[in-house]
Amino acid sequence: MKLIFEQSVPGRQGFRFPDSDVGVKAAVAPKYLRQAALAWPEVSELDVVRHFTRLSQLNFSVDANIYPLGSCTMKYNPKFTEKAAAMPGFADLHPLLPQLKGGERYVQGALEVLYDTQRWLGEITGMKAFTLQPLAGAHGELTGIMLMAAYHKAQGNRKKYIIVPDSAHGTNPASAAVAGYQIISVPSDRKGGMDIDKLRAVLTDEVAGLMMTCPDTHGVFNSRIAEIAQLVHSVDGLMYYDGANLNATLGRCRPGDVGFDVVHLNLHKTFGTPHGGGGPGSGPVGVTGKLAKFLPVSRVVKRPDGVYALDYDQPDSIGYIASFYGNFGIILRAYAYMLMLGGDGLKATSDHAVLNANYLMHRLKKHYQIAFDRICMHECLFSAAKQAEAGVHAIDIAKFLIDQGIHPPTVYFPLTVKEAVMIEPTETESRQTLDLFAEAMIRADALAKADPDAFHAFPRTMPISRPDETKAARDMNVNFFASRA
């Protein structure tokens with residue numbers, strides 16, 4: 001497939017710009033004006049439409065393909081929630097409207113959405129109060145760690161360390177380090193959970209808290225979580241819940257009930273809102289009562305007269321952590337998602353997510369090594385170590401799946417498992433689709449035994465087959481030079 005620049009033909013035109021009605025040259029100093037014409041491709045409207053239509057057909061998306069992409073929960077986005085977010089009364093609101101004198105009366109509906117979403121997320125997680133401002137999961141992590149730091153400062157505690165299990169998401173230690181803490185990593189035990197004896201060995205009065213994903217990236221729920229929380233609290237540490245995997249326990253286990261003090265959620269994962277391509281995202285943070293006063297401003301409140309308002313009078317707040325009130329369009333989709341499913345529906349999502357993952361685990365365990373041979377949660381974790389002995393690695397299986405019309409699952413993560421293949425089907429995939437995926441994985445195993453060299457050519461169906469991915473990341477070049485055409 002040619003680049004749009006390579007399709008250029010001199011004189012061909014697909015769009016005509018209107019004549020300028022402002023004196024740009026007179027208003028801008030000549031040194032700031034481009035002296036040479038832009039090297040735009042010269043193509044017709046039909047060329048443009050066909051080019052971008054073909055590009056769209058090369059994209060993998062959950063609307064067209066199964067997307068078993070590990071910890072990111074690339075789940076289906078219901079069209080109902082898209083319609084809710086597009087309603088003019090919400091979509092046409094200007095974010096500065098509440099700042100006008102008396103402006104809050106024009107945004108009562110939007111403020112009610114924010115207020116109710118905070119309350120519902122609090123009920124789901126067992127948290128006392130929420131902020132919806134963080135714009136992504138990692139942003140929520142950083143906000144949560146800042147809240148923990150504010151608490152310890154107010155208590156007069158001298159805390160230096162954050163404990164992070166080796167099965168945690170990579171953003172956990174990064175967020176803690178950005179907030180000024182040193183990281184202590186605790187290894188996993190043979191069952192896939194954090195080693196509680198190793199935890200005891202590193203717990204001191206200088207520990208500010210423990211960040212945990214529960215269930216973790218091994219797809220394992222730590223049944224000793226309440227005991228772990230008690231140990232951390234014994235040194236006045238705080239328990240931080242990474243909510244990236246809440247999809248496994250939604251409506252079944254509330255983090256606040258098992259000892260967590262701070263929670264971040266990924267609305268763009270668990271609550272069915274768009275995710276990918278660098279955004280959009282939303283990472284609300286919930287806290288127990290003793291941390292509520294440190295939450296960012298502004299806070300959405302409901303006055304005794306029933307009017308919704310923005311409260312800036314929070315003297316202990318950590319301040320602003322985002323512009324305006326969060327990613328409102330994503331919050332609105334999550335609000336509609338919760339309304340659509342209700343309490344029983346939200347429980348059903350976690351039930352089906354866990355059922356689907358265990359179904360795949362049992363279908364594939366004869367063909368791939370199971371990382372931890374036990375009932376899994378929302379994701380099943382395999383190792384392709386057996387196939388690697390024949391020269392077929394996890395990345396080769398991923399490339400094979402592309403040619404099968406299937407987006408590859410996550411490979412080589414978590415780092416604790418050699419040749420890791422992490423599969424997360426989510427709750428929305430049917431048994432028929434799961435069988436199609438399982439059969440493709442079984443074919444990959446059979447081919448690895450019969451003809452391992454065949455994998456070196458996969459994928460055959462993409463414009464580029466085997467780019468140097470490390471070089472592409474470190475030496476990115478997105479410019480087109482006519483001399484190369």
# chains A, B, ... in the order shown; residues from 1 in each chain; ligands from 1
$ residues_around --residues "Arg16 in chain A" --least-positions-apart "2" --cutoff "12 Å" --atoms "only C-alpha atoms" --output "list in words"
Arg12, Gln13, Gly14, Pro18, Asp19, Ser20, Glu42, Val43, Ser44 and Glu45 of chain A
$ write_last_selection --atoms "N, CA and C atoms" --output "PDB file, in the first residue's frame"
ATOM      1  N   ARG A  12      -3.207  17.625  -9.319  1.00  0.00           N
ATOM      2  CA  ARG A  12      -4.441  16.979  -8.859  1.00  0.00           C
ATOM      3  C   ARG A  12      -4.903  17.644  -7.557  1.00  0.00           C
ATOM      4  N   GLN A  13      -6.206  17.863  -7.428  1.00  0.00           N
ATOM      5  CA  GLN A  13      -6.701  18.628  -6.292  1.00  0.00           C
ATOM      6  C   GLN A  13      -8.001  18.029  -5.779  1.00  0.00           C
ATOM      7  N   GLY A  14      -8.097  17.905  -4.448  1.00  0.00           N
ATOM      8  CA  GLY A  14      -9.305  17.343  -3.852  1.00  0.00           C
ATOM      9  C   GLY A  14     -10.061  18.324  -2.984  1.00  0.00           C
ATOM     10  N   PRO A  18     -10.887  28.382   0.967  1.00  0.00           N
ATOM     11  CA  PRO A  18     -11.490  29.682   0.654  1.00  0.00           C
ATOM     12  C   PRO A  18     -10.439  30.788   0.725  1.00  0.00           C
ATOM     13  N   ASP A  19     -10.669  31.832   0.001  1.00  0.00           N
ATOM     14  CA  ASP A  19      -9.747  32.968   0.053  1.00  0.00           C
ATOM     15  C   ASP A  19      -9.752  33.569   1.455  1.00  0.00           C
ATOM     16  N   SER A  20      -8.574  33.961   1.921  1.00  0.00           N
ATOM     17  CA  SER A  20      -8.470  34.561   3.253  1.00  0.00           C
ATOM     18  C   SER A  20      -9.092  35.954   3.254  1.00  0.00           C
ATOM     19  N   GLU A  42      -0.548  15.962  -3.704  1.00  0.00           N
ATOM     20  CA  GLU A  42      -1.568  16.465  -4.628  1.00  0.00           C
ATOM     21  C   GLU A  42      -2.404  15.274  -5.086  1.00  0.00           C
ATOM     22  N   VAL A  43      -3.586  15.144  -4.491  1.00  0.00           N
ATOM     23  CA  VAL A  43      -4.446  13.985  -4.747  1.00  0.00           C
ATOM     24  C   VAL A  43      -5.891  14.441  -4.869  1.00  0.00           C
ATOM     25  N   SER A  44      -6.692  13.624  -5.525  1.00  0.00           N
ATOM     26  CA  SER A  44      -8.109  13.949  -5.689  1.00  0.00           C
ATOM     27  C   SER A  44      -8.881  13.541  -4.441  1.00  0.00           C
ATOM     28  N   GLU A  45     -10.098  14.017  -4.354  1.00  0.00           N
ATOM     29  CA  GLU A  45     -10.948  13.634  -3.218  1.00  0.00           C
ATOM     30  C   GLU A  45     -11.131  12.122  -3.170  1.00  0.00           C
TER      31      GLU A  45
END
$ residues_around --residues "range 239-248 of chain A" --least-positions-apart "4" --cutoff "6 Å" --atoms "only C-alpha atoms" --output "PyMOL selection string"
chain A and resi 209-213+260-266+270+350+377-378
$ closest_residue --among "A:Gly391, A:Pro304, A:Gly137, A:Gly170" --to "His275 in chain A" --atoms "only C-alpha atoms"
A:Gly137
$ closest_residue --among "A:Lys399, A:Lys2, A:Lys302, A:Lys160" --to "Asp47 in chain A" --atoms "only C-alpha atoms"
A:Lys2
$ residues_around --residues "range 151-158 of chain A" --least-positions-apart "4" --cutoff "10 Å" --atoms "only C-alpha atoms" --output "list in words"
Ile145, Met146, Leu147, Asp205, Glu206, Val207, Ala208, Asp236, Gly237, Leu238, Lys290, Leu291, Ala292, Lys293, Phe294 and Asp316 of chain A
$ select_by_dssp --residues "range 16-186 of chain A" --states "alpha helix (DSSP H)" --output "PyMOL selection string"
chain A and resi 24-27+45-58+79-85+88-91+108-125+137-155+171-178
$ atom_distance --atom1 "CA of Pro98 in chain A" --atom2 "CA of Glu112 in chain A"
13.1 Å
$ atom_distance --atom1 "CA of Lys386 in chain A" --atom2 "CA of Arg466 in chain A"
22.8 Å
$ residues_around --residues "range 75-86 of chain A" --least-positions-apart "2" --cutoff "10 Å" --atoms "only C-alpha atoms" --output "mmCIF file with C-alpha atoms, in the first residue's frame"
data_model
loop_
_atom_site.group_PDB
_atom_site.id
_atom_site.type_symbol
_atom_site.label_atom_id
_atom_site.label_comp_id
_atom_site.auth_asym_id
_atom_site.auth_seq_id
_atom_site.Cartn_x
_atom_site.Cartn_y
_atom_site.Cartn_z
ATOM 1 C CA SER A 61 -10.574 -2.945 16.634
ATOM 2 C CA VAL A 62 -12.883 -4.676 19.055
ATOM 3 C CA ASP A 63 -15.766 -3.758 16.724
ATOM 4 C CA ILE A 66 -11.597 -10.404 19.054
ATOM 5 C CA TYR A 67 -9.174 -8.358 21.138
ATOM 6 C CA PRO A 68 -7.877 -10.557 24.017
ATOM 7 C CA LEU A 69 -5.338 -7.930 25.029
ATOM 8 C CA CYS A 72 -5.653 -3.463 29.307
ATOM 9 C CA THR A 73 -9.214 -4.874 29.149
ATOM 10 C CA PRO A 88 -26.412 17.957 22.731
ATOM 11 C CA GLY A 89 -27.224 18.960 26.309
ATOM 12 C CA PHE A 90 -23.955 17.358 27.372
ATOM 13 C CA ALA A 91 -21.779 17.482 24.262
ATOM 14 C CA ASP A 92 -22.329 21.207 23.647
ATOM 15 C CA HIS A 268 -11.800 3.218 30.117
ATOM 16 C CA LYS A 269 -11.377 -0.424 31.132
ATOM 17 C CA THR A 270 -13.910 -1.721 33.644
ATOM 18 C CA PHE A 271 -16.787 0.573 32.735
ATOM 19 C CA GLY A 272 -16.946 0.048 28.999
ATOM 20 C CA THR A 273 -15.642 3.376 27.714
ATOM 21 C CA PRO A 274 -13.224 3.904 24.793
ATOM 22 C CA HIS A 275 -9.565 3.134 25.296
ATOM 23 C CA PHE A 328 -16.422 14.445 31.216
ATOM 24 C CA GLY A 329 -17.283 12.564 28.019
ATOM 25 C CA ILE A 330 -15.737 9.378 29.373
ATOM 26 C CA ILE A 331 -17.334 9.825 32.805
ATOM 27 C CA LEU A 332 -20.707 10.283 31.093
ATOM 28 C CA ARG A 333 -20.260 7.028 29.164
ATOM 29 C CA ALA A 334 -19.432 5.180 32.387
ATOM 30 C CA TYR A 335 -22.490 6.752 34.040
ATOM 31 C CA ALA A 336 -24.694 5.486 31.205
ATOM 32 C CA TYR A 337 -23.003 2.060 31.384
ATOM 33 C CA MET A 338 -23.805 1.732 35.090
ATOM 34 C CA LEU A 339 -27.384 2.906 34.542
ATOM 35 C CA MET A 340 -27.842 0.429 31.708
ATOM 36 C CA GLU A 424 -8.003 -11.613 28.733
ATOM 37 C CA PRO A 425 -11.177 -12.290 26.752
ATOM 38 C CA THR A 426 -13.458 -9.953 28.816
ATOM 39 C CA GLU A 427 -17.114 -10.693 29.455
ATOM 40 C CA THR A 428 -18.494 -9.650 26.080
ATOM 41 C CA GLU A 429 -17.099 -12.439 23.895
#
$ closest_residue --among "A:Pro296, A:Gly405, A:Pro165, A:Gly251" --to "Ala150 in chain A" --atoms "only C-alpha atoms"
A:Pro296
$ closest_residue --among "A:Val392, A:Val411, A:Leu401, A:Ile162" --to "Val178 in chain A" --atoms "only C-alpha atoms"
A:Ile162
$ select_by_dssp --residues "range 189-382 of chain A" --states "strand (DSSP E or B)" --output "count of residues only"
36
$ atom_distance --atom1 "CA of Trp40 in chain A" --atom2 "CA of Ala473 in chain A"
25.8 Å
$ residues_around --residues "Leu58 in chain A" --least-positions-apart "2" --cutoff "12 Å" --atoms "only C-alpha atoms" --output "PyMOL selection string"
chain A and resi 1+51-56+60-61+64-65+402-403+405+407+461-464
$ residues_around --residues "range 121-123 of chain A" --least-positions-apart "4" --cutoff "9 Å" --atoms "only C-alpha atoms" --output "list in words"
Asp116, Thr117, Met127, Lys128, Ala129, Phe130, Arg254, Leu265, Pro284, Gly286 and Val287 of chain A
$ write_last_selection --atoms "C-alpha atoms" --output "mmCIF file, in the first residue's frame"
data_model
loop_
_atom_site.group_PDB
_atom_site.id
_atom_site.type_symbol
_atom_site.label_atom_id
_atom_site.label_comp_id
_atom_site.auth_asym_id
_atom_site.auth_seq_id
_atom_site.Cartn_x
_atom_site.Cartn_y
_atom_site.Cartn_z
ATOM 1 C CA ASP A 116 -23.905 10.482 41.146
ATOM 2 C CA THR A 117 -20.885 8.865 39.477
ATOM 3 C CA MET A 127 -14.709 4.269 49.483
ATOM 4 C CA LYS A 128 -16.017 7.338 51.334
ATOM 5 C CA ALA A 129 -15.288 9.987 48.687
ATOM 6 C CA PHE A 130 -14.110 10.242 45.078
ATOM 7 C CA ARG A 254 -15.119 -4.077 47.483
ATOM 8 C CA LEU A 265 -10.268 2.975 38.748
ATOM 9 C CA PRO A 284 -11.024 8.433 39.235
ATOM 10 C CA GLY A 286 -11.516 7.105 45.825
ATOM 11 C CA VAL A 287 -10.414 7.328 49.444
#
$ closest_residue --among "A:Asp166, A:Asp195, A:Glu379, A:Glu419" --to "Ala394 in chain A" --atoms "only C-alpha atoms"
A:Glu419
$ closest_residue --among "A:Ala457, A:Asp197, A:Val164, A:Leu250" --to "Ile184 in chain A" --atoms "only C-alpha atoms"
A:Val164
$ residues_around --residues "Lys365 in chain A" --least-positions-apart "3" --cutoff "12 Å" --atoms "only C-alpha atoms" --output "PyMOL selection string"
chain A and resi 357-362+368-374+380-384+386+438+441-442+445
$ decode --residues "range 17-57 of chain A" --atoms "N, CA and C atoms" --output "PDB file, in the first residue's frame"
ATOM      1  N   PHE A  17      -9.252  25.643  -0.633  1.00  0.00           N
ATOM      2  CA  PHE A  17      -9.377  26.504   0.544  1.00  0.00           C
ATOM      3  C   PHE A  17     -10.035  27.826   0.137  1.00  0.00           C
ATOM      4  N   PRO A  18     -10.887  28.382   0.967  1.00  0.00           N
ATOM      5  CA  PRO A  18     -11.490  29.682   0.654  1.00  0.00           C
ATOM      6  C   PRO A  18     -10.439  30.788   0.725  1.00  0.00           C
ATOM      7  N   ASP A  19     -10.669  31.832   0.001  1.00  0.00           N
ATOM      8  CA  ASP A  19      -9.747  32.968   0.053  1.00  0.00           C
ATOM      9  C   ASP A  19      -9.752  33.569   1.455  1.00  0.00           C
ATOM     10  N   SER A  20      -8.574  33.961   1.921  1.00  0.00           N
ATOM     11  CA  SER A  20      -8.470  34.561   3.253  1.00  0.00           C
ATOM     12  C   SER A  20      -9.092  35.954   3.254  1.00  0.00           C
ATOM     13  N   ASP A  21      -9.848  36.248   4.291  1.00  0.00           N
ATOM     14  CA  ASP A  21     -10.467  37.578   4.393  1.00  0.00           C
ATOM     15  C   ASP A  21      -9.822  38.410   5.497  1.00  0.00           C
ATOM     16  N   VAL A  22      -8.654  37.972   5.960  1.00  0.00           N
ATOM     17  CA  VAL A  22      -7.906  38.754   6.950  1.00  0.00           C
ATOM     18  C   VAL A  22      -6.498  39.003   6.410  1.00  0.00           C
ATOM     19  N   GLY A  23      -5.941  40.137   6.799  1.00  0.00           N
ATOM     20  CA  GLY A  23      -4.614  40.495   6.309  1.00  0.00           C
ATOM     21  C   GLY A  23      -3.504  39.824   7.103  1.00  0.00           C
ATOM     22  N   VAL A  24      -3.302  38.533   6.870  1.00  0.00           N
ATOM     23  CA  VAL A  24      -2.334  37.765   7.650  1.00  0.00           C
ATOM     24  C   VAL A  24      -0.925  38.321   7.474  1.00  0.00           C
ATOM     25  N   LYS A  25      -0.546  38.612   6.263  1.00  0.00           N
ATOM     26  CA  LYS A  25       0.816  39.072   6.019  1.00  0.00           C
ATOM     27  C   LYS A  25       1.103  40.382   6.732  1.00  0.00           C
ATOM     28  N   ALA A  26       0.088  41.227   6.811  1.00  0.00           N
ATOM     29  CA  ALA A  26       0.305  42.512   7.482  1.00  0.00           C
ATOM     30  C   ALA A  26       0.401  42.342   8.989  1.00  0.00           C
ATOM     31  N   ALA A  27      -0.242  41.321   9.529  1.00  0.00           N
ATOM     32  CA  ALA A  27      -0.287  41.151  10.975  1.00  0.00           C
ATOM     33  C   ALA A  27       0.877  40.342  11.514  1.00  0.00           C
ATOM     34  N   VAL A  28       1.543  39.566  10.664  1.00  0.00           N
ATOM     35  CA  VAL A  28       2.612  38.668  11.108  1.00  0.00           C
ATOM     36  C   VAL A  28       3.933  39.124  10.493  1.00  0.00           C
ATOM     37  N   ALA A  29       4.962  39.194  11.320  1.00  0.00           N
ATOM     38  CA  ALA A  29       6.285  39.594  10.833  1.00  0.00           C
ATOM     39  C   ALA A  29       6.771  38.615   9.769  1.00  0.00           C
ATOM     40  N   PRO A  30       7.390  39.108   8.696  1.00  0.00           N
ATOM     41  CA  PRO A  30       7.829  38.230   7.595  1.00  0.00           C
ATOM     42  C   PRO A  30       8.706  37.066   8.045  1.00  0.00           C
ATOM     43  N   LYS A  31       9.522  37.259   9.099  1.00  0.00           N
ATOM     44  CA  LYS A  31      10.429  36.177   9.516  1.00  0.00           C
ATOM     45  C   LYS A  31       9.674  34.954  10.041  1.00  0.00           C
ATOM     46  N   TYR A  32       8.391  35.152  10.404  1.00  0.00           N
ATOM     47  CA  TYR A  32       7.610  34.026  10.907  1.00  0.00           C
ATOM     48  C   TYR A  32       6.793  33.335   9.817  1.00  0.00           C
ATOM     49  N   LEU A  33       6.833  33.847   8.609  1.00  0.00           N
ATOM     50  CA  LEU A  33       6.072  33.268   7.508  1.00  0.00           C
ATOM     51  C   LEU A  33       6.912  32.240   6.760  1.00  0.00           C
ATOM     52  N   ARG A  34       6.278  31.161   6.352  1.00  0.00           N
ATOM     53  CA  ARG A  34       6.954  30.133   5.573  1.00  0.00           C
ATOM     54  C   ARG A  34       7.336  30.707   4.212  1.00  0.00           C
ATOM     55  N   GLN A  35       8.577  30.506   3.812  1.00  0.00           N
ATOM     56  CA  GLN A  35       9.057  31.043   2.548  1.00  0.00           C
ATOM     57  C   GLN A  35       8.809  30.095   1.381  1.00  0.00           C
ATOM     58  N   ALA A  36       8.753  28.784   1.689  1.00  0.00           N
ATOM     59  CA  ALA A  36       8.526  27.802   0.623  1.00  0.00           C
ATOM     60  C   ALA A  36       7.179  27.129   0.837  1.00  0.00           C
ATOM     61  N   ALA A  37       6.587  26.692  -0.260  1.00  0.00           N
ATOM     62  CA  ALA A  37       5.281  26.036  -0.171  1.00  0.00           C
ATOM     63  C   ALA A  37       5.410  24.703   0.569  1.00  0.00           C
ATOM     64  N   LEU A  38       4.360  24.317   1.292  1.00  0.00           N
ATOM     65  CA  LEU A  38       4.331  23.008   1.949  1.00  0.00           C
ATOM     66  C   LEU A  38       4.298  21.900   0.900  1.00  0.00           C
ATOM     67  N   ALA A  39       4.976  20.823   1.208  1.00  0.00           N
ATOM     68  CA  ALA A  39       5.033  19.693   0.267  1.00  0.00           C
ATOM     69  C   ALA A  39       3.845  18.767   0.501  1.00  0.00           C
ATOM     70  N   TRP A  40       2.631  19.332   0.374  1.00  0.00           N
ATOM     71  CA  TRP A  40       1.440  18.510   0.538  1.00  0.00           C
ATOM     72  C   TRP A  40       1.296  17.555  -0.638  1.00  0.00           C
ATOM     73  N   PRO A  41       0.734  16.373  -0.406  1.00  0.00           N
ATOM     74  CA  PRO A  41       0.458  15.493  -1.554  1.00  0.00           C
ATOM     75  C   PRO A  41      -0.660  16.090  -2.405  1.00  0.00           C
ATOM     76  N   GLU A  42      -0.548  15.962  -3.704  1.00  0.00           N
ATOM     77  CA  GLU A  42      -1.568  16.465  -4.628  1.00  0.00           C
ATOM     78  C   GLU A  42      -2.404  15.274  -5.086  1.00  0.00           C
ATOM     79  N   VAL A  43      -3.586  15.144  -4.491  1.00  0.00           N
ATOM     80  CA  VAL A  43      -4.446  13.985  -4.747  1.00  0.00           C
ATOM     81  C   VAL A  43      -5.891  14.441  -4.869  1.00  0.00           C
ATOM     82  N   SER A  44      -6.692  13.624  -5.525  1.00  0.00           N
ATOM     83  CA  SER A  44      -8.109  13.949  -5.689  1.00  0.00           C
ATOM     84  C   SER A  44      -8.881  13.541  -4.441  1.00  0.00           C
ATOM     85  N   GLU A  45     -10.098  14.017  -4.354  1.00  0.00           N
ATOM     86  CA  GLU A  45     -10.948  13.634  -3.218  1.00  0.00           C
ATOM     87  C   GLU A  45     -11.131  12.122  -3.170  1.00  0.00           C
ATOM     88  N   LEU A  46     -11.329  11.493  -4.318  1.00  0.00           N
ATOM     89  CA  LEU A  46     -11.514  10.043  -4.353  1.00  0.00           C
ATOM     90  C   LEU A  46     -10.262   9.321  -3.860  1.00  0.00           C
ATOM     91  N   ASP A  47      -9.085   9.828  -4.255  1.00  0.00           N
ATOM     92  CA  ASP A  47      -7.835   9.229  -3.770  1.00  0.00           C
ATOM     93  C   ASP A  47      -7.759   9.285  -2.246  1.00  0.00           C
ATOM     94  N   VAL A  48      -8.136  10.426  -1.688  1.00  0.00           N
ATOM     95  CA  VAL A  48      -8.079  10.606  -0.235  1.00  0.00           C
ATOM     96  C   VAL A  48      -9.041   9.653   0.462  1.00  0.00           C
ATOM     97  N   VAL A  49     -10.291   9.610  -0.032  1.00  0.00           N
ATOM     98  CA  VAL A  49     -11.302   8.756   0.600  1.00  0.00           C
ATOM     99  C   VAL A  49     -10.876   7.296   0.558  1.00  0.00           C
ATOM    100  N   ARG A  50     -10.395   6.840  -0.600  1.00  0.00           N
ATOM    101  CA  ARG A  50      -9.990   5.437  -0.714  1.00  0.00           C
ATOM    102  C   ARG A  50      -8.775   5.139   0.161  1.00  0.00           C
ATOM    103  N   HIS A  51      -7.846   6.070   0.211  1.00  0.00           N
ATOM    104  CA  HIS A  51      -6.625   5.858   1.004  1.00  0.00           C
ATOM    105  C   HIS A  51      -6.963   5.654   2.479  1.00  0.00           C
ATOM    106  N   PHE A  52      -7.762   6.550   3.019  1.00  0.00           N
ATOM    107  CA  PHE A  52      -8.049   6.448   4.461  1.00  0.00           C
ATOM    108  C   PHE A  52      -9.042   5.331   4.766  1.00  0.00           C
ATOM    109  N   THR A  53      -9.884   4.968   3.795  1.00  0.00           N
ATOM    110  CA  THR A  53     -10.741   3.795   3.981  1.00  0.00           C
ATOM    111  C   THR A  53      -9.894   2.529   4.069  1.00  0.00           C
ATOM    112  N   ARG A  54      -8.897   2.430   3.200  1.00  0.00           N
ATOM    113  CA  ARG A  54      -7.996   1.253   3.252  1.00  0.00           C
ATOM    114  C   ARG A  54      -7.223   1.220   4.564  1.00  0.00           C
ATOM    115  N   LEU A  55      -6.763   2.387   5.007  1.00  0.00           N
ATOM    116  CA  LEU A  55      -6.052   2.436   6.289  1.00  0.00           C
ATOM    117  C   LEU A  55      -6.940   1.945   7.421  1.00  0.00           C
ATOM    118  N   SER A  56      -8.210   2.389   7.408  1.00  0.00           N
ATOM    119  CA  SER A  56      -9.121   1.973   8.483  1.00  0.00           C
ATOM    120  C   SER A  56      -9.336   0.471   8.466  1.00  0.00           C
ATOM    121  N   GLN A  57      -9.295  -0.139   7.290  1.00  0.00           N
ATOM    122  CA  GLN A  57      -9.493  -1.583   7.185  1.00  0.00           C
ATOM    123  C   GLN A  57      -8.282  -2.369   7.675  1.00  0.00           C
TER     124      GLN A  57
END
